[in-house]
Structure formats: structure tokens, C-alpha cells
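Peer 1: This is final_30.pdb, which holds PDB, C-alpha atoms, pLDDT in the B column:
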```
MODEL        1
ATOM      1  CA  MET A   1       0.000   0.000   0.000  1.00 58.00           C
ATOM      2  CA  VAL A   2       2.817   2.480   0.781  1.00 62.00           C
ATOM      3  CA  ASP A   3       4.184   2.081  -2.756  1.00 68.00           C
ATOM      4  CA  ASN A   4       1.114   4.045  -3.879  1.00 68.00           C
ATOM      5  CA  SER A   5       0.089   7.638  -3.268  1.00 70.00           C
ATOM      6  CA  LEU A   6      -1.786   8.708  -0.145  1.00 68.00           C
ATOM      7  CA  SER A   7      -4.980   8.911  -2.223  1.00 73.00           C
ATOM      8  CA  VAL A   8      -5.160   5.090  -2.170  1.00 72.00           C
ATOM      9  CA  LEU A   9      -6.643   5.445   1.333  1.00 73.00           C
ATOM     10  CA  GLY A  10      -9.658   7.234  -0.132  1.00 72.00           C
ATOM     11  CA  ASP A  11     -12.370   8.479   2.188  1.00 73.00           C
ATOM     12  CA  LEU A  12     -11.298   8.123   5.817  1.00 69.00           C
ATOM     13  CA  ASP A  13     -14.845   8.264   7.203  1.00 73.00           C
ATOM     14  CA  GLN A  14     -15.041   4.513   7.649  1.00 74.00           C
ATOM     15  CA  LEU A  15     -12.580   1.817   8.654  1.00 73.00           C
ATOM     16  CA  LYS A  16     -11.424  -0.352   5.762  1.00 73.00           C
ATOM     17  CA  PRO A  17      -9.697  -3.757   5.951  1.00 75.00           C
ATOM     18  CA  SER A  18      -6.717  -2.377   4.003  1.00 73.00           C
ATOM     19  CA  PHE A  19      -5.955   0.007   6.904  1.00 74.00           C
ATOM     20  CA  LYS A  20      -4.712  -2.982   8.933  1.00 74.00           C
ATOM     21  CA  GLN A  21      -1.520  -2.856   6.861  1.00 74.00           C
ATOM     22  CA  LEU A  22      -0.790   0.553   8.378  1.00 74.00           C
ATOM     23  CA  LEU A  23      -1.155  -0.497  12.033  1.00 73.00           C
ATOM     24  CA  PHE A  24       1.198  -2.312  14.370  1.00 72.00           C
ATOM     25  CA  ARG A  25      -0.461  -5.379  15.867  1.00 74.00           C
ATOM     26  CA  PHE A  26       0.619  -6.427  19.349  1.00 72.00           C
ATOM     27  CA  PRO A  27       1.474 -10.118  19.390  1.00 74.00           C
ATOM     28  CA  PHE A  28      -0.795 -12.017  21.750  1.00 76.00           C
ATOM     29  CA  ASP A  29       1.603 -14.924  22.272  1.00 82.00           C
ATOM     30  CA  ILE A  30       4.126 -13.056  24.455  1.00 80.00           C
ATOM     31  CA  ALA A  31       4.051 -12.069  28.118  1.00 80.00           C
ATOM     32  CA  LEU A  32       2.562  -8.674  28.928  1.00 72.00           C
ATOM     33  CA  GLU A  33       5.836  -7.631  30.602  1.00 76.00           C
ATOM     34  CA  GLU A  34       7.623  -7.960  27.247  1.00 80.00           C
ATOM     35  CA  VAL A  35       5.211  -5.717  25.339  1.00 78.00           C
ATOM     36  CA  HIS A  36       6.280  -2.124  24.732  1.00 80.00           C
ATOM     37  CA  PRO A  37       3.961   0.324  26.529  1.00 81.00           C
ATOM     38  CA  MET A  38       3.830   2.576  23.461  1.00 83.00           C
ATOM     39  CA  VAL A  39       4.508   1.927  19.784  1.00 84.00           C
ATOM     40  CA  LEU A  40       4.690   4.648  17.160  1.00 85.00           C
ATOM     41  CA  GLN A  41       4.673   3.537  13.513  1.00 83.00           C
ATOM     42  CA  VAL A  42       5.228   5.893  10.579  1.00 85.00           C
ATOM     43  CA  ASN A  43       4.359   4.794   7.034  1.00 82.00           C
ATOM     44  CA  GLN A  44       5.539   7.022   4.194  1.00 83.00           C
ATOM     45  CA  PHE A  45       3.798   6.845   0.841  1.00 81.00           C
ATOM     46  CA  ALA A  46       5.421   7.188  -2.576  1.00 82.00           C
ATOM     47  CA  CYS A  47       3.844  10.646  -2.979  1.00 82.00           C
ATOM     48  CA  GLY A  48       5.598  11.929   0.161  1.00 82.00           C
ATOM     49  CA  GLY A  49       2.544  11.758   2.416  1.00 80.00           C
ATOM     50  CA  PHE A  50       2.646   9.698   5.563  1.00 80.00           C
ATOM     51  CA  VAL A  51       0.454   8.073   8.188  1.00 80.00           C
ATOM     52  CA  VAL A  52       1.307   7.881  11.884  1.00 82.00           C
ATOM     53  CA  ALA A  53      -0.180   5.018  13.887  1.00 81.00           C
ATOM     54  CA  VAL A  54       0.011   4.979  17.687  1.00 83.00           C
ATOM     55  CA  SER A  55      -0.707   2.081  19.978  1.00 81.00           C
ATOM     56  CA  PHE A  56      -0.305   2.571  23.703  1.00 81.00           C
ATOM     57  CA  HIS A  57      -1.209   0.966  26.962  1.00 76.00           C
ATOM     58  CA  HIS A  58      -3.702   3.031  28.947  1.00 76.00           C
ATOM     59  CA  SER A  59      -1.366   3.003  31.959  1.00 74.00           C
ATOM     60  CA  VAL A  60       1.009   5.250  29.969  1.00 76.00           C
ATOM     61  CA  CYS A  61      -1.498   8.000  29.249  1.00 78.00           C
ATOM     62  CA  ASP A  62      -5.163   8.639  28.627  1.00 81.00           C
ATOM     63  CA  GLY A  63      -6.758   9.900  25.427  1.00 82.00           C
ATOM     64  CA  ARG A  64      -6.081  13.540  26.228  1.00 85.00           C
ATOM     65  CA  GLY A  65      -2.459  12.750  27.092  1.00 83.00           C
ATOM     66  CA  VAL A  66      -1.828  10.921  23.829  1.00 84.00           C
ATOM     67  CA  GLY A  67      -3.501  13.815  21.988  1.00 87.00           C
ATOM     68  CA  GLN A  68      -1.081  16.264  23.592  1.00 88.00           C
ATOM     69  CA  PHE A  69       1.818  13.937  22.792  1.00 86.00           C
ATOM     70  CA  LEU A  70       0.835  13.705  19.120  1.00 87.00           C
ATOM     71  CA  LYS A  71       0.299  17.458  18.894  1.00 91.00           C
ATOM     72  CA  GLY A  72       3.788  18.045  20.311  1.00 90.00           C
ATOM     73  CA  LEU A  73       5.254  15.438  17.979  1.00 87.00           C
ATOM     74  CA  GLY A  74       3.631  17.184  15.010  1.00 88.00           C
ATOM     75  CA  GLU A  75       4.911  20.568  16.136  1.00 92.00           C
ATOM     76  CA  MET A  76       8.455  19.260  16.400  1.00 88.00           C
ATOM     77  CA  ALA A  77       8.146  17.598  12.982  1.00 85.00           C
ATOM     78  CA  ARG A  78       7.185  21.025  11.593  1.00 90.00           C
ATOM     79  CA  GLY A  79      10.364  22.541  13.028  1.00 93.00           C
ATOM     80  CA  TYR A  80       9.300  23.887  16.417  1.00 92.00           C
ATOM     81  CA  VAL A  81      12.167  23.891  18.917  1.00 90.00           C
ATOM     82  CA  LYS A  82       9.849  22.636  21.646  1.00 87.00           C
ATOM     83  CA  PRO A  83       6.155  21.712  21.834  1.00 87.00           C
ATOM     84  CA  CYS A  84       3.625  24.393  22.846  1.00 88.00           C
ATOM     85  CA  ILE A  85       2.576  22.254  25.824  1.00 85.00           C
ATOM     86  CA  GLU A  86       5.809  21.194  27.471  1.00 81.00           C
ATOM     87  CA  PRO A  87       5.887  17.804  29.177  1.00 77.00           C
ATOM     88  CA  ILE A  88       6.051  17.745  32.966  1.00 75.00           C
ATOM     89  CA  SER A  89       8.994  15.773  34.250  1.00 71.00           C
ATOM     90  CA  ASP A  90       8.193  16.156  37.945  1.00 72.00           C
ATOM     91  CA  ARG A  91       7.994  12.507  38.984  1.00 69.00           C
ATOM     92  CA  VAL A  92       6.636  13.491  42.416  1.00 73.00           C
ATOM     93  CA  LEU A  93       3.236  13.885  40.771  1.00 67.00           C
ATOM     94  CA  LEU A  94       3.255  10.158  40.006  1.00 65.00           C
ATOM     95  CA  LYS A  95       3.845   8.970  43.555  1.00 71.00           C
ATOM     96  CA  PRO A  96       0.885   7.052  44.964  1.00 69.00           C
ATOM     97  CA  ARG A  97      -1.201   8.659  47.650  1.00 68.00           C
ATOM     98  CA  ASN A  98      -2.015   6.900  50.876  1.00 64.00           C
ATOM     99  CA  ILE A  99      -5.678   6.301  50.110  1.00 61.00           C
ATOM    100  CA  LEU A 100      -6.170   3.941  53.044  1.00 60.00           C
ATOM    101  CA  VAL A 101      -6.101   6.727  55.603  1.00 59.00           C
ATOM    102  CA  HIS A 102      -9.609   7.959  56.325  1.00 57.00           C
ATOM    103  CA  ASP A 103     -10.938  10.402  58.835  1.00 59.00           C
ATOM    104  CA  ILE A 104     -13.232   8.098  60.806  1.00 62.00           C
ATOM    105  CA  GLU A 105     -14.966  10.992  62.551  1.00 62.00           C
ATOM    106  CA  LEU A 106     -15.857  12.575  59.212  1.00 63.00           C
ATOM    107  CA  ILE A 107     -17.251   9.271  57.940  1.00 66.00           C
ATOM    108  CA  GLU A 108     -19.320   8.841  61.108  1.00 64.00           C
ATOM    109  CA  GLU A 109     -20.671  12.397  60.780  1.00 67.00           C
ATOM    110  CA  ASN A 110     -21.651  11.748  57.151  1.00 66.00           C
ATOM    111  CA  ILE A 111     -23.460   8.546  58.133  1.00 69.00           C
ATOM    112  CA  LYS A 112     -25.313  10.286  60.983  1.00 69.00           C
ATOM    113  CA  SER A 113     -26.365  13.206  58.804  1.00 69.00           C
ATOM    114  CA  THR A 114     -27.541  10.852  56.051  1.00 69.00           C
ATOM    115  CA  PHE A 115     -29.779   8.752  58.305  1.00 65.00           C
ATOM    116  CA  HIS A 116     -31.085  11.468  60.650  1.00 59.00           C
TER     117      HIS A 116
ENDMDL
END
```
Output the file's structure in the form of C-alpha cells.

Peer 2:
Amino acid sequence: MVDNSLSVLGDLDQLKPSFKQLLFRFPFDIALEEVHPMVLQVNQFACGGFVVAVSFHHSVCDGRGVGQFLKGLGEMARGYVKPCIEPISDRVLLKPRNILVHDIELIEENIKSTFH
């Protein structure tokens, strides 16, 4: 398919079986620990156009996060020195919270106010 021009894709309103050639397929016969959390595949067509396919595990980022990532990737491909939305590298934000600590008095007050 990539030996043709980008027009071979036609109307992109509906998914076509030929699009599978442009997507990376995770192998199901390997352990989850061996799978890359994110795969980026670029296919360039003979006309110079290209298609970018992204496959990622949801633990890496959500839909909005991957949208920001792709926007930044596109900006850098167009020659920007840095993306408009800079990534945050403060790992402290990723530390787990202690969600097991509850204010028992507050819970008791909520229960009393609900049933009285």
C-alpha cells in the first residue's frame, strides 16, 4: 500500500480492511511484561505523504495525554524547537497517595447526617 500515493486510502470516514496494513499489531503470544507500553509507527507513501499510527497501553497515558503527545510530535516535525505544551517531568506527581487513611470521625458524621 505504501508504494502508492496517499490517495489510495480514499475516504477516511469509515474503517477499511486495508488500513490494517498501516497499524502495528501487538502479538498475543508473548508475556505482557515484554510488550512495549507505546509503539509509534510511521508509514511514508510514494507521494511523500505519511500516516502515523500509535498504539499505547492506557497506563502510559489517557486519550487527552496521547492527543497532547501527538500534537507536540507534530509541532516538532514542523520545526518547532519545543512543543507548545511542554511535558512535565516532575515525577513526584506520580507517587501514589495513601488512600487507606480515612478520617473516621468525618465518615461517622456523614453517616449520621444521612440517616437522621

Peer 1: Centre and edge lengths of an axis-aligned box around all listed atoms of stretch 23-36 of chain A, with 8 Å added on each side, are to be given in Å to one decimal, as JSON.

Peer 2:
```
{"center_x": 3.2, "center_y": -7.7, "center_z": 21.3, "size_x": 24.8, "size_y": 30.4, "size_z": 34.6}
```

Peer 1: If you apply the PyMOL selection byres ((chain A and resi 57) around 10) to this file, what residues do you get, as a ChimeraX atom specification?

Peer 2: /A:35-39,55-56,58-62

Peer 1: Using only C-alpha atoms for the distances, tell me which of A:Ala53, A:Gly67, A:Leu40, A:Ala46 is nearest to A:Gln21.

Peer 2: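 Using only C-alpha atoms, A:Gln21 sits closest to A:Ala53.
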
Peer 1: Using all atoms listed in the file, which protein or nucleic acid residues come within 12 Å of A:Val8? Drop anything in the same chain fewer than 6 positions from it, and give the result as an MDAnalysis selection string.

Peer 2: chainID A and resid 1:2 16 18:19 45:47 49:50

Peer 1: Write to file, as a PDB file, keeping the file's coordinate frame, the residues of the selection just made, with C-alpha atoms.

Peer 2:
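Below is the file that was written, out.pdb:
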```pdb
ATOM      1  CA  MET A   1       0.000   0.000   0.000  1.00 58.00           C
ATOM      2  CA  VAL A   2       2.817   2.480   0.781  1.00 62.00           C
ATOM      3  CA  LYS A  16     -11.424  -0.352   5.762  1.00 73.00           C
ATOM      4  CA  SER A  18      -6.717  -2.377   4.003  1.00 73.00           C
ATOM      5  CA  PHE A  19      -5.955   0.007   6.904  1.00 74.00           C
ATOM      6  CA  PHE A  45       3.798   6.845   0.841  1.00 81.00           C
ATOM      7  CA  ALA A  46       5.421   7.188  -2.576  1.00 82.00           C
ATOM      8  CA  CYS A  47       3.844  10.646  -2.979  1.00 82.00           C
ATOM      9  CA  GLY A  49       2.544  11.758   2.416  1.00 80.00           C
ATOM     10  CA  PHE A  50       2.646   9.698   5.563  1.00 80.00           C
TER      11      PHE A  50
END
```

Peer 1: Could you tell me how far atom CA of A:Gln44 lies from atom CA of A:Gly74, in Å and to one decimal?

Peer 2: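 Here the two named atoms are 15.0 Å from each other.
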
Peer 1: Written as a PyMOL selection string, which residues does the PyMOL selection byres ((chain A and resi 70) around 12) give for the file shown?

Peer 2: chain A and resi 40+52-55+61+63-69+71-77+83-85+87

Peer 1: Please, what distance in Å, to one decimal, runs between atom CA of A:Leu23 and atom CA of A:Gln41?

Peer 2: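 Taking atom CA of A:Leu23 and atom CA of A:Gln41, their separation equals 7.2 Å.
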